[in-house]
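Q: See protein03.csv below, with CSV, C-alpha atoms and all ligand atoms.
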chain,number,residue,atom,x,y,z
A,132,MET,CA,0.0,0.0,0.0
A,133,PRO,CA,1.4,3.5,-0.8
A,134,SER,CA,2.1,5.8,2.1
A,135,THR,CA,-0.1,8.8,2.7
A,136,GLU,CA,2.9,10.9,2.0
A,137,ALA,CA,3.4,9.3,-1.4
A,138,ILE,CA,-0.3,10.0,-2.2
A,139,ARG,CA,0.0,13.6,-1.0
A,140,ASP,CA,3.1,14.0,-3.2
A,141,SER,CA,1.2,12.7,-6.2
A,142,LEU,CA,-1.4,15.3,-5.6
A,143,ARG,CA,1.1,18.0,-6.3
A,144,ALA,CA,0.4,17.3,-10.0
A,145,VAL,CA,-3.1,18.7,-9.5
A,146,ILE,CA,-3.0,22.4,-10.3
A,147,ASP,CA,-5.8,24.9,-9.6
A,148,PRO,CA,-6.1,26.5,-13.1
A,149,GLU,CA,-7.0,29.9,-11.7
A,150,LEU,CA,-4.6,30.1,-8.8
A,151,ARG,CA,-1.9,28.4,-10.8
A,152,ARG,CA,-0.6,26.4,-7.8
A,153,ASP,CA,-1.0,22.8,-6.8
A,154,ILE,CA,-3.7,21.8,-4.4
A,155,VAL,CA,-1.2,20.6,-1.8
A,156,GLU,CA,0.6,23.9,-1.7
A,157,LEU,CA,-2.8,25.7,-1.6
A,158,GLY,CA,-3.9,23.7,1.4
A,159,MET,CA,-6.9,22.3,-0.4
A,160,VAL,CA,-6.3,18.6,0.4
A,161,ARG,CA,-8.6,18.0,3.3
A,162,SER,CA,-8.0,14.3,3.9
A,163,ILE,CA,-6.4,11.1,2.4
A,164,HIS,CA,-7.7,7.7,3.6
A,165,GLU,CA,-7.0,4.1,2.5
A,166,PRO,CA,-9.9,2.2,4.0
A,167,GLU,CA,-8.9,-1.0,2.2
A,168,PRO,CA,-5.9,-2.2,0.1
A,169,GLY,CA,-6.0,-0.6,-3.4
A,170,ARG,CA,-8.7,2.0,-2.5
A,171,VAL,CA,-7.8,5.7,-1.8
A,172,ASP,CA,-10.4,8.3,-0.7
A,173,VAL,CA,-9.3,11.9,-1.1
A,174,VAL,CA,-11.3,15.0,0.0
A,175,VAL,CA,-10.5,18.3,-1.7
A,176,SER,CA,-11.6,21.6,-0.1
A,177,LEU,CA,-13.0,24.2,-2.5
A,178,THR,CA,-13.1,27.9,-2.1
A,179,THR,CA,-16.9,28.0,-2.8
A,180,PRO,CA,-19.5,25.2,-2.9
A,181,GLY,CA,-20.4,25.9,-6.5
A,182,CYS,CA,-16.8,25.9,-7.7
A,183,PRO,CA,-17.0,25.4,-11.5
A,184,ILE,CA,-13.7,23.6,-11.7
A,185,ARG,CA,-14.8,20.7,-9.6
A,186,ALA,CA,-14.7,18.3,-12.5
A,187,HIS,CA,-11.2,19.4,-13.3
A,188,PHE,CA,-10.0,18.6,-9.7
A,189,GLU,CA,-11.9,15.3,-9.7
A,190,LYS,CA,-10.2,14.1,-12.9
A,191,GLY,CA,-6.8,15.5,-11.8
A,192,VAL,CA,-7.0,13.6,-8.4
A,193,ARG,CA,-8.2,10.4,-10.0
A,194,ASP,CA,-5.4,10.5,-12.6
A,195,ALA,CA,-2.6,11.5,-10.2
A,196,VAL,CA,-3.4,8.9,-7.5
A,197,GLY,CA,-4.5,6.3,-10.0
A,198,ARG,CA,-1.0,6.3,-11.4
A,199,ILE,CA,0.5,5.0,-8.1
A,200,ASP,CA,1.4,1.3,-8.0
A,201,GLY,CA,-1.2,-0.7,-6.2
A,202,VAL,CA,-4.1,1.8,-6.4
A,203,LYS,CA,-7.1,0.4,-8.1
A,204,LEU,CA,-9.9,2.7,-7.0
A,205,VAL,CA,-9.8,6.5,-6.2
A,206,ASN,CA,-12.8,8.2,-4.7
A,207,VAL,CA,-12.9,12.0,-4.7
A,208,GLY,CA,-15.0,14.0,-2.3
A,209,PHE,CA,-15.4,17.7,-1.8
A,210,ASP,CA,-16.0,20.1,1.0
A,211,VAL,CA,-15.6,23.9,1.4
A,212,LEU,CA,-12.8,25.8,3.1
A,213,SER,CA,-13.8,27.6,6.3
A,214,PRO,CA,-13.7,31.4,6.3
A,215,GLU,CA,-10.4,31.2,8.3
A,216,GLU,CA,-8.9,28.7,5.9
A,217,LYS,CA,-9.9,31.0,3.0
A,218,GLN,CA,-8.2,33.9,4.7
A,219,GLY,CA,-5.1,31.8,5.1
A,220,LEU,CA,-5.2,30.9,1.4
A,221,GLN,CA,-5.6,34.6,0.5
A,222,ALA,CA,-2.7,35.6,2.8
A,223,ARG,CA,-0.5,32.9,1.2
A,224,LEU,CA,-1.4,34.3,-2.3
A,225,GLY,CA,-1.2,37.9,-1.1
A,226,ARG,CA,2.3,37.5,0.3
A,227,GLN,CA,3.6,36.9,-3.2
A,228,GLY,CA,1.9,39.8,-4.8
A,229,GLY,CA,-0.1,42.2,-2.6
A,230,LEU,CA,0.2,45.9,-3.1
A,231,PRO,CA,2.1,47.8,-0.4
A,232,GLN,CA,-0.3,49.3,2.0
A,233,GLY,CA,-1.2,52.9,1.1
A,234,ALA,CA,-0.7,52.4,-2.7
A,235,LEU,CA,-4.3,53.4,-3.3
A,236,ALA,CA,-4.8,55.1,0.1
A,237,ALA,CA,-6.9,58.0,-1.3
A,238,VAL,CA,-9.1,55.9,-3.5
A,239,LYS,CA,-12.6,55.3,-2.1
A,240,ASN,CA,-13.9,52.7,-4.5
A,241,VAL,CA,-12.3,50.3,-6.9
A,242,VAL,CA,-14.8,48.8,-9.4
A,243,CYS,CA,-13.7,46.0,-11.8
A,244,VAL,CA,-15.9,45.7,-14.9
A,245,GLY,CA,-15.9,42.2,-16.2
A,246,SER,CA,-18.0,39.8,-18.1
A,247,GLY,CA,-16.4,36.4,-18.9
A,248,LYS,CA,-17.4,36.8,-22.6
A,249,GLY,CA,-15.8,39.1,-25.0
A,250,GLY,CA,-17.5,41.9,-26.9
A,251,VAL,CA,-20.4,42.5,-24.6
A,252,GLY,CA,-19.6,46.1,-24.0
A,253,LYS,CA,-17.3,46.2,-20.9
A,254,SER,CA,-15.1,48.9,-22.3
A,255,THR,CA,-18.0,51.0,-23.6
A,256,VAL,CA,-19.7,50.6,-20.2
A,257,THR,CA,-16.4,51.5,-18.3
A,258,ALA,CA,-15.8,54.6,-20.4
A,259,ASN,CA,-19.4,55.9,-20.2
A,260,LEU,CA,-19.9,54.9,-16.6
A,261,ALA,CA,-16.7,56.7,-15.6
A,262,ALA,CA,-17.7,59.8,-17.6
A,263,ALA,CA,-21.2,59.6,-16.0
A,264,LEU,CA,-19.7,59.4,-12.5
A,265,ALA,CA,-17.5,62.4,-13.2
A,266,ALA,CA,-20.5,64.3,-14.5
A,267,GLU,CA,-22.2,63.5,-11.2
A,268,GLY,CA,-19.4,65.3,-9.5
A,269,HIS,CA,-17.2,62.3,-8.5
A,270,ALA,CA,-13.5,62.2,-9.1
A,271,THR,CA,-13.1,59.2,-11.3
A,272,ALA,CA,-10.3,57.4,-13.2
A,273,ALA,CA,-10.4,54.5,-15.6
A,274,LEU,CA,-7.7,51.9,-15.6
A,275,ASP,CA,-7.4,49.8,-18.8
A,276,ALA,CA,-6.5,46.4,-17.6
A,277,ASP,CA,-7.0,44.9,-21.0
A,278,VAL,CA,-3.4,44.9,-22.1
A,279,TRP,CA,-4.1,42.9,-25.3
A,280,GLY,CA,-7.2,44.6,-26.5
A,281,TYR,CA,-6.9,48.0,-24.8
A,282,SER,CA,-9.7,50.4,-25.8
A,283,ILE,CA,-10.0,53.0,-23.1
A,284,PRO,CA,-7.7,55.6,-24.8
A,285,ARG,CA,-9.9,55.5,-27.9
A,286,MET,CA,-13.2,55.5,-26.0
A,287,LEU,CA,-12.1,58.4,-23.8
A,288,GLY,CA,-10.3,60.2,-26.6
A,289,VAL,CA,-7.0,60.4,-24.8
A,290,HIS,CA,-3.6,59.5,-26.2
A,291,GLY,CA,0.0,60.4,-25.3
A,292,ARG,CA,2.6,59.6,-22.7
A,293,PRO,CA,2.2,60.2,-19.0
A,294,SER,CA,4.7,62.5,-17.2
A,295,LEU,CA,6.4,61.7,-13.9
A,296,THR,CA,6.0,63.4,-10.6
A,297,ALA,CA,9.0,64.4,-8.4
A,298,GLU,CA,8.5,61.1,-6.6
A,299,ARG,CA,8.7,59.3,-10.0
A,300,LYS,CA,5.1,58.4,-10.1
A,301,LEU,CA,3.2,58.3,-13.4
A,302,VAL,CA,0.6,61.0,-13.9
A,303,PRO,CA,-2.5,59.7,-15.5
A,304,LEU,CA,-3.7,61.5,-18.7
A,305,VAL,CA,-7.0,63.2,-18.6
A,306,GLY,CA,-9.7,62.1,-21.0
A,307,ALA,CA,-13.3,63.0,-21.9
A,308,GLY,CA,-15.3,64.6,-19.0
A,309,GLY,CA,-12.2,64.9,-16.9
A,310,VAL,CA,-11.8,61.2,-16.4
A,311,GLN,CA,-8.2,60.3,-15.6
A,312,ALA,CA,-6.9,57.3,-17.6
A,313,ILE,CA,-4.0,54.8,-17.6
A,314,SER,CA,-3.6,52.3,-20.4
A,315,ILE,CA,-0.8,50.2,-21.8
A,316,GLU,CA,-1.2,52.2,-25.0
A,317,PHE,CA,0.4,55.2,-23.3
A,318,PHE,CA,3.6,53.2,-23.0
A,319,LEU,CA,3.9,51.6,-26.4
A,320,GLU,CA,6.2,52.7,-29.1
A,321,ARG,CA,3.6,52.3,-31.8
A,322,GLU,CA,-0.2,52.4,-31.3
A,323,ASP,CA,-0.7,49.1,-33.0
A,324,GLN,CA,2.1,47.3,-31.3
A,325,ALA,CA,1.2,43.7,-30.3
A,326,ILE,CA,1.5,42.7,-26.6
A,327,ILE,CA,2.4,39.1,-25.9
A,328,TRP,CA,2.7,39.3,-22.1
A,329,ARG,CA,1.4,36.6,-19.9
A,330,GLY,CA,1.9,35.5,-16.4
A,331,PRO,CA,4.6,37.3,-14.4
A,332,MET,CA,5.2,40.1,-17.0
A,333,LEU,CA,1.5,40.9,-17.0
A,334,HIS,CA,1.3,40.7,-13.2
A,335,LYS,CA,4.2,43.2,-13.0
A,336,ALA,CA,2.6,45.6,-15.4
A,337,LEU,CA,-0.7,45.6,-13.7
A,338,ARG,CA,0.9,46.0,-10.3
A,339,GLN,CA,2.8,49.0,-11.6
A,340,PHE,CA,-0.4,50.5,-13.0
A,341,LEU,CA,-1.8,50.4,-9.5
A,342,GLU,CA,1.3,51.1,-7.4
A,343,ASP,CA,3.5,53.5,-9.5
A,344,VAL,CA,0.7,55.7,-10.7
A,345,HIS,CA,-0.2,58.9,-8.9
A,346,TRP,CA,-3.9,58.2,-8.6
A,347,GLY,CA,-4.4,60.9,-6.0
A,348,GLU,CA,-7.8,61.4,-4.4
A,349,LEU,CA,-10.5,59.4,-6.2
A,350,ASP,CA,-14.1,58.5,-5.6
A,351,TYR,CA,-14.0,55.8,-8.2
A,352,LEU,CA,-11.3,53.9,-10.0
A,353,ILE,CA,-13.1,51.9,-12.7
A,354,ILE,CA,-11.1,49.0,-14.1
A,355,ASP,CA,-11.8,47.7,-17.6
A,356,LEU,CA,-11.1,43.9,-17.5
A,357,PRO,CA,-10.2,41.8,-20.6
A,358,PRO,CA,-12.7,39.1,-21.5
A,359,GLY,CA,-12.6,35.8,-19.6
A,360,THR,CA,-11.7,34.9,-16.1
A,361,GLY,CA,-8.0,34.6,-16.7
A,362,ASP,CA,-4.7,36.0,-15.5
A,363,VAL,CA,-5.7,39.6,-15.2
A,364,SER,CA,-8.7,39.1,-13.1
A,365,MET,CA,-6.8,36.8,-10.8
A,366,THR,CA,-3.9,39.3,-10.4
A,367,LEU,CA,-6.3,42.1,-9.7
A,368,ALA,CA,-8.2,40.1,-7.2
A,369,GLN,CA,-5.0,39.4,-5.4
A,370,LEU,CA,-3.8,43.0,-5.5
A,371,LEU,CA,-7.1,44.6,-4.7
A,372,PRO,CA,-9.0,42.7,-2.1
A,373,GLN,CA,-11.1,45.8,-1.5
A,374,ALA,CA,-12.4,45.9,-5.1
A,375,VAL,CA,-16.0,45.2,-6.1
A,376,PHE,CA,-17.0,43.5,-9.3
A,377,LEU,CA,-19.5,44.8,-11.8
A,378,VAL,CA,-20.8,42.2,-14.2
A,379,VAL,CA,-21.7,43.2,-17.8
A,380,THR,CA,-23.8,40.7,-19.8
A,381,THR,CA,-26.0,40.7,-22.9
A,382,PRO,CA,-29.6,39.6,-22.5
A,383,GLN,CA,-29.1,36.1,-24.0
A,384,PRO,CA,-28.9,33.0,-21.8
A,385,ALA,CA,-25.5,31.9,-23.2
A,386,ALA,CA,-23.8,35.2,-22.3
A,387,GLN,CA,-25.5,35.3,-18.9
A,388,LYS,CA,-24.1,31.8,-18.1
A,389,VAL,CA,-20.6,32.9,-19.0
A,390,ALA,CA,-20.9,36.1,-17.0
A,391,GLY,CA,-22.1,33.9,-14.1
A,392,ARG,CA,-18.9,32.0,-14.3
A,393,ALA,CA,-16.9,35.3,-14.2
A,394,ALA,CA,-18.9,36.3,-11.2
A,395,GLU,CA,-18.3,33.0,-9.5
A,396,THR,CA,-14.6,33.5,-10.0
A,397,ALA,CA,-14.8,36.9,-8.4
A,398,GLU,CA,-16.7,35.3,-5.5
A,399,ARG,CA,-14.0,32.7,-5.0
A,400,PHE,CA,-11.7,35.6,-4.2
A,401,GLU,CA,-14.3,37.2,-2.0
A,402,LEU,CA,-14.6,40.2,-4.2
A,403,GLU,CA,-18.0,41.6,-3.6
A,404,ILE,CA,-20.3,41.7,-6.6
A,405,VAL,CA,-21.9,45.1,-6.7
A,406,GLY,CA,-24.4,44.6,-9.5
A,407,VAL,CA,-25.2,43.6,-13.1
A,408,ILE,CA,-25.5,45.8,-16.2
A,409,GLU,CA,-27.4,44.3,-19.1
A,410,ASN,CA,-26.0,45.7,-22.3
A,411,MET,CA,-27.4,45.5,-25.9
A,412,ALA,CA,-30.8,45.2,-24.3
A,413,GLY,CA,-33.0,45.6,-27.4
A,414,PHE,CA,-33.0,48.0,-30.3
A,415,THR,CA,-35.7,50.6,-30.9
A,416,THR,CA,-36.1,52.0,-34.5
A,417,PRO,CA,-36.7,55.7,-35.0
A,418,SER,CA,-40.4,54.8,-35.6
A,419,GLY,CA,-40.6,53.2,-32.1
A,420,GLU,CA,-40.5,49.5,-33.1
A,421,ARG,CA,-38.4,47.4,-30.7
A,422,PHE,CA,-36.3,44.4,-31.6
A,423,THR,CA,-34.8,42.2,-28.9
A,424,ILE,CA,-31.7,41.2,-31.1
A,425,PHE,CA,-29.8,39.6,-28.2
A,426,GLY,CA,-32.8,38.1,-26.5
A,427,GLU,CA,-34.3,39.3,-23.3
A,428,GLY,CA,-34.1,39.0,-19.6
A,429,GLY,CA,-30.5,37.7,-19.1
A,430,GLY,CA,-29.4,40.6,-16.9
A,431,GLN,CA,-32.3,40.2,-14.5
A,432,LEU,CA,-31.8,36.4,-14.3
A,433,LEU,CA,-28.1,36.9,-13.5
A,434,ALA,CA,-28.8,39.6,-11.0
A,435,ASP,CA,-31.4,37.3,-9.3
A,436,GLU,CA,-29.0,34.4,-9.3
A,437,LEU,CA,-26.2,36.5,-7.8
A,438,ASP,CA,-28.7,38.3,-5.5
A,439,VAL,CA,-27.4,41.7,-6.5
A,440,PRO,CA,-29.2,44.6,-8.2
A,441,LEU,CA,-29.6,45.0,-11.9
A,442,LEU,CA,-28.1,48.5,-12.2
A,443,GLY,CA,-29.2,49.2,-15.7
A,444,LYS,CA,-30.4,47.9,-19.1
A,445,VAL,CA,-28.5,49.7,-21.8
A,446,PRO,CA,-30.2,49.5,-25.2
A,447,LEU,CA,-28.3,49.1,-28.5
A,448,GLN,CA,-27.8,52.5,-29.9
A,449,GLU,CA,-25.6,53.4,-32.8
A,450,GLU,CA,-24.7,56.8,-31.2
A,451,LEU,CA,-23.2,54.9,-28.2
A,452,ARG,CA,-20.9,53.0,-30.6
A,453,ALA,CA,-20.0,56.0,-32.7
A,454,GLY,CA,-19.2,58.1,-29.5
A,455,ALA,CA,-17.0,55.2,-28.2
A,456,ASP,CA,-15.2,55.2,-31.6
A,457,GLU,CA,-14.7,58.9,-31.5
A,458,GLY,CA,-13.6,59.3,-27.9
A,459,ARG,CA,-16.7,61.2,-27.0
A,460,PRO,CA,-18.8,59.2,-24.5
A,461,LEU,CA,-22.5,59.4,-25.3
A,462,VAL,CA,-23.3,60.3,-21.6
A,463,LEU,CA,-21.5,63.6,-22.2
A,464,THR,CA,-22.6,64.4,-25.8
A,465,ASP,CA,-26.3,63.4,-25.5
A,466,PRO,CA,-27.2,62.7,-21.9
A,467,ASP,CA,-30.8,62.3,-22.8
A,468,ALA,CA,-30.3,59.5,-25.3
A,469,PRO,CA,-31.8,56.3,-24.1
A,470,ALA,CA,-28.5,54.5,-23.8
A,471,ALA,CA,-27.0,57.4,-22.0
A,472,GLN,CA,-29.9,57.6,-19.6
A,473,ALA,CA,-29.5,53.9,-18.8
A,474,LEU,CA,-25.8,54.4,-18.1
A,475,PHE,CA,-26.6,57.4,-15.8
A,476,HIS,CA,-29.1,55.2,-14.0
A,477,ALA,CA,-26.4,52.6,-13.5
A,478,ALA,CA,-24.0,55.2,-12.3
A,479,ARG,CA,-26.4,56.5,-9.7
A,480,GLY,CA,-27.1,52.9,-8.7
A,481,LEU,CA,-23.4,52.4,-8.2
A,482,ILE,CA,-23.1,55.6,-6.2
A,483,ALA,CA,-25.9,54.4,-3.9
A,484,ALA,CA,-24.3,51.0,-3.5
A,485,THR,CA,-20.8,52.2,-2.7
A,486,PRO,CA,-19.3,54.1,0.3
A,487,GLN,CA,-18.5,57.7,-0.1
A,488,GLU,CA,-15.8,57.7,2.5
A,489,LEU,CA,-12.3,56.3,2.4
A,490,PRO,CA,-12.1,52.7,3.6
A,491,VAL,CA,-10.5,52.3,7.0
A,492,LEU,CA,-7.2,50.6,6.4
A,493,GLN,CA,-6.2,48.2,9.1
A,494,ALA,CA,-2.7,46.9,9.1
A,495,PRO,CA,-2.8,43.2,9.6
A,496,SER,CA,-0.8,42.3,12.6
A,497,GLY,CA,2.8,41.7,11.9
A,498,HIS,CA,2.8,44.0,8.8
A,499,PRO,CA,4.9,47.1,8.9
A,500,ALA,CA,3.1,50.4,8.6
A,501,ALA,CA,2.7,51.8,5.1
A,502,PRO,CA,5.8,53.8,3.9
A,503,PRO,CA,5.2,57.4,3.0
A,504,ALA,CA,4.4,57.9,-0.7
A,505,ALA,CA,7.7,59.6,-1.5
A,506,ALA,CA,9.6,56.7,-0.1
A,507,VAL,CA,8.1,54.2,-2.6
A,508,THR,CA,10.7,54.0,-5.3
A,509,GLY,CA,9.0,53.2,-8.6
A,510,THR,CA,10.7,51.0,-11.2
A,511,PRO,CA,9.9,52.1,-14.7
A,512,LEU,CA,7.0,50.3,-16.4
A,513,PRO,CA,8.1,47.3,-18.4
A,514,MET,CA,8.0,48.1,-22.1
A,515,ALA,CA,6.8,45.6,-24.6
A,516,PRO,CA,9.7,43.6,-26.0
A,601,LIG,N1,-25.3,49.3,-26.3
A,601,LIG,C1,-24.6,49.4,-27.4
A,601,LIG,N2,-25.1,49.9,-28.5
A,601,LIG,C2,-24.3,50.0,-29.6
A,601,LIG,N3,-23.0,49.6,-29.7
A,601,LIG,C3,-22.5,49.0,-28.6
A,601,LIG,C4,-23.2,48.9,-27.4
A,601,LIG,N4,-22.4,48.4,-26.4
A,601,LIG,C5,-21.2,48.2,-27.1
A,601,LIG,N5,-21.3,48.6,-28.3
A,601,LIG,C6,-20.2,48.4,-29.3
A,601,LIG,O1,-19.9,47.1,-29.5
A,601,LIG,C7,-18.5,46.9,-29.6
A,601,LIG,C8,-17.9,46.0,-28.5
A,601,LIG,O2,-18.0,46.8,-27.3
A,601,LIG,P1,-16.8,46.8,-26.3
A,601,LIG,O3,-15.5,47.0,-27.0
A,601,LIG,O4,-17.2,47.8,-25.3
A,601,LIG,O5,-16.9,45.4,-25.7
A,601,LIG,P2,-15.9,44.6,-24.6
A,601,LIG,O6,-16.8,43.7,-23.8
A,601,LIG,O7,-15.1,45.6,-24.0
A,601,LIG,O8,-15.1,43.8,-25.7
A,601,LIG,P3,-13.7,43.0,-25.3
A,601,LIG,O9,-14.1,41.7,-24.7
A,601,LIG,O10,-13.1,42.8,-26.7
A,601,LIG,O11,-12.9,43.9,-24.4
A,601,LIG,C9,-17.9,48.3,-29.7
A,601,LIG,O12,-17.8,48.7,-31.0
A,601,LIG,C10,-18.9,49.1,-28.9
A,601,LIG,O13,-18.9,50.5,-29.3
A,602,MG,MG,-13.0,45.7,-23.8
If you convert what's in this file into structure tokens, what do you get?
Ligand SMILES: Nc1ncnc2c1ncn2[C@@H]1O[C@H](COP(=O)(O)OP(=O)(O)OP(=O)(O)O)[C@@H](O)[C@H]1O
Ligand SMILES: [Mg+2]

A:
Amino acid sequence: MPSTEAIRDSLRAVIDPELRRDIVELGMVRSIHEPEPGRVDVVVSLTTPGCPIRAHFEKGVRDAVGRIDGVKLVNVGFDVLSPEEKQGLQARLGRQGGLPQGALAAVKNVVCVGSGKGGVGKSTVTANLAAALAAEGHATAALDADVWGYSIPRMLGVHGRPSLTAERKLVPLVGAGGVQAISIEFFLEREDQAIIWRGPMLHKALRQFLEDVHWGELDYLIIDLPPGTGDVSMTLAQLLPQAVFLVVTTPQPAAQKVAGRAAETAERFELEIVGVIENMAGFTTPSGERFTIFGEGGGQLLADELDVPLLGKVPLQEELRAGADEGRPLVLTDPDAPAAQALFHAARGLIAATPQELPVLQAPSGHPAAPPAAAVTGTPLPMAP
């Protein structure tokens, strides 16, 4: 019979695809039993009960343990990490990549806009929502975390290269409506330069966007995520435990399901989901006829499922697309347009759902106090190879 240690060792081959570490290192192996010769029972602890990668773990454990000599049957069970265990997991992840305390000390709210699925209007929503928040009198910035498909510069009509403060912090550029912006585009040699970063390089760039930028006093930092639940979302979740997640979906069931997965990922990291925005919710012709091109009801369904508010239903409107292409957000050029009204509605809903004071930062015991801003020495942003 193999030893428990040998079995545990074999489980190091089972990698959590999102956290990119093995389940032994992550402390997710709850128990290993050999009730009879040739049979091994393994219990894996998940971060949430509805963990979508259950099947991945089940197969991984079966394959890894099944390869050991003498093992004929592998049973895989699941339970859920306790809140304390989850905290321990986050601390372990955070140690390797958390922001220094105080990096965003004057930012009241960080809102990540994500969807899971591409092309549903995350960037359009980010740009217009940021402009609407600014128009409502809130100091707002937009961070373009989509390093492969960056679109915030175009949508906010802002291009150029940020300058540096005396403390060597990057000064965000100011786009439409006074929204401050940072995007990878500002650091490229050519506008159409392809970015091939992944993993550590990407992590480093995003970290610098947060840490080495002089964000100053902000009511809202809105982060435009790339599609999917991949590297960027994970990095941000690690770096920004205080962030909330805003889910954009189209009304069709398929998109809503994918958005649900993105939300589930956010929940795994205990990022609070602040609400859902349904985009491309019907098209009304000039004569008043309405077509539900992308179906109907997906936003409400997802909001109900997640038990969060549906902050807005943004209709398809050509002017919203044209304004995004021209760097003039529709909420500024025609605030009475139906799509603009829906986005203002969402902005007000977000304001109502988020605190208007700075979060109280508590230094976890054992952590040194935050260094003064001037003492943080910034390394220059990595340039694309
Ligand atoms: N409600 C709408 N009405 C008309 N056009 C829209 C609407 N929402 C988004 N669009 C347009 O659809 C296209 C895709 O939108 P956008 O780039 O915002 O999506 P995304 O989710 O950020 O995409 P990606 O996943 O590639 O980052 C853009 O041209 C945008 O202007
Ligand atoms: Mg986008």

Q: Would you mind listing the residues within 8 Å of ligand LIG 601 (chain A), counting only C-alpha atoms and all ligand atoms, as number ranges by chain?

A: A: 245-246, 248-257, 277, 280-282, 355-359, 379, 410-412, 445-456, 470

Q: Contacts of A:Val171 at 10 Å or less, counting all atoms listed in the file, minus same-chain residues fewer than 2 places along, as a PyMOL selection string?

A: chain A and resi 132-133+135+138+163-169+173+193+196-197+202-207

Q: For each of A:Asp275, A:Asp467, A:Ser141, A:Gly268, take the minimum atom-to-atom distance to A:Ala336, counting only C-alpha atoms, then give the residue where this is smallest.

A: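 Answer, going by the shortest atom-to-atom distance: A:Asp275.
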
Q: Using all atoms listed in the file, pick whichever of A:Thr396, A:Val363, A:Pro148, A:Gly247 has the shortest atom-to-atom distance to A:Pro180.

A: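 Residue with the minimum atom-to-atom distance to A:Pro180: A:Thr396.
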
Q: Work out how far apart atom CA of A:Thr464 and atom CA of A:Leu260 are and give it in Å to one decimal.

A: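 These atoms are spaced 13.5 Å apart.
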
Q: I'd like the box whose edges run along x, y and z of the file and which contains every listed atom of stretch 141-156 of chain A, padded by 3 Å per side; could you state its centre and edge lengths in Å, one decimal, as JSON?

A:
{"center_x": -2.9, "center_y": 21.4, "center_z": -7.4, "size_x": 14.2, "size_y": 23.4, "size_z": 17.4}

Q: In terms of the shortest atom-to-atom distance over only C-alpha atoms and all ligand atoms, which of A:Leu349, A:Val244, A:Ala374, A:Leu157 is closest to ligand MG 602 (chain A)?

A: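 Of the candidates, the smallest distance to ligand MG 602 (chain A) is held by A:Val244.
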
Q: Might you pull out every residue within 9 Å of A:Gln487, with all atoms listed in the file counted and same-chain residues fewer than 5 positions away left off, and present them as a compact mmCIF listing (two decimals) with C-alpha atoms, in the frame of the given file?

A:
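Below you can see result07.txt, which holds the result:
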# COMPACT_ATOMS: atom_id res chain seq x y z
CA LYS A 239 -12.60 55.30 -2.10
CA ASN A 240 -13.90 52.70 -4.50
CA ASP A 350 -14.10 58.50 -5.60
CA ILE A 482 -23.10 55.60 -6.20

Q: What does the structure give for the distance between atom CA of A:Pro486 and atom CA of A:Leu461, in Å to one decimal?

A: 26.3 Å

Q: If you measure from atom CA of A:Ile404 to atom CA of A:Phe376, what distance in Å do you get, rounded to one decimal?

A: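 We find that atom CA of A:Ile404 and atom CA of A:Phe376 lie 4.6 Å from each other.
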
Q: Find, counting only C-alpha atoms and all ligand atoms, the residue in A:Gln369, A:Lys444, A:Ala434, A:Ser314 that gets nearest to ligand MG 602 (chain A).

A: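 That would be A:Ser314, the residue with the smallest distance to ligand MG 602 (chain A).
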
Q: Mind running stretch 325-439 of chain A against stretch 303-309 of chain A at 9 Å and telling me each contacting residue's nearest atom pair with the distance in Å (one decimal), counting all atoms listed in the file, chain and number ascending, as a tab-separated table?

A:
residue	atom	partner	partner_atom	distance
A:Val344	CA	A:Pro303	CA	7.0
A:His345	CA	A:Pro303	CA	7.0
A:Trp346	CA	A:Pro303	CA	7.2

Q: Nearest to A:Ala386: which of A:Ala266, A:Val289, A:Val238, A:Leu433 is it, counting all atoms listed in the file?

A: A:Leu433

Q: Between A:Ala195, A:Leu442, A:Ile354, A:Leu150, which is the closest to ligand MG 602 (chain A) once you count only C-alpha atoms and all ligand atoms?

A: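 Closest to ligand MG 602 (chain A) of all the choices is A:Ile354.
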
Q: Would you save stretch 316-322 of chain A to a file, keeping N, CA and C atoms, as a PDB file, in the first residue's frame?

A:
ATOM      1  N   GLU A 316      -1.506  51.439 -23.773  1.00  0.00           N
ATOM      2  CA  GLU A 316      -1.246  52.181 -25.022  1.00  0.00           C
ATOM      3  C   GLU A 316      -0.299  53.362 -24.791  1.00  0.00           C
ATOM      4  N   PHE A 317      -0.384  53.982 -23.623  1.00  0.00           N
ATOM      5  CA  PHE A 317       0.425  55.173 -23.339  1.00  0.00           C
ATOM      6  C   PHE A 317       1.922  54.854 -23.242  1.00  0.00           C
ATOM      7  N   PHE A 318       2.245  53.553 -23.182  1.00  0.00           N
ATOM      8  CA  PHE A 318       3.640  53.165 -22.991  1.00  0.00           C
ATOM      9  C   PHE A 318       4.220  52.430 -24.197  1.00  0.00           C
ATOM     10  N   LEU A 319       3.434  52.318 -25.235  1.00  0.00           N
ATOM     11  CA  LEU A 319       3.911  51.584 -26.410  1.00  0.00           C
ATOM     12  C   LEU A 319       4.637  52.515 -27.370  1.00  0.00           C
ATOM     13  N   GLU A 320       5.534  51.920 -28.124  1.00  0.00           N
ATOM     14  CA  GLU A 320       6.244  52.729 -29.118  1.00  0.00           C
ATOM     15  C   GLU A 320       5.334  53.057 -30.293  1.00  0.00           C
ATOM     16  N   ARG A 321       4.548  52.057 -30.696  1.00  0.00           N
ATOM     17  CA  ARG A 321       3.588  52.287 -31.778  1.00  0.00           C
ATOM     18  C   ARG A 321       2.207  51.937 -31.254  1.00  0.00           C
ATOM     19  N   GLU A 322       1.183  52.641 -31.795  1.00  0.00           N
ATOM     20  CA  GLU A 322      -0.165  52.422 -31.287  1.00  0.00           C
ATOM     21  C   GLU A 322      -0.670  51.003 -31.545  1.00  0.00           C
TER      22      GLU A 322
END
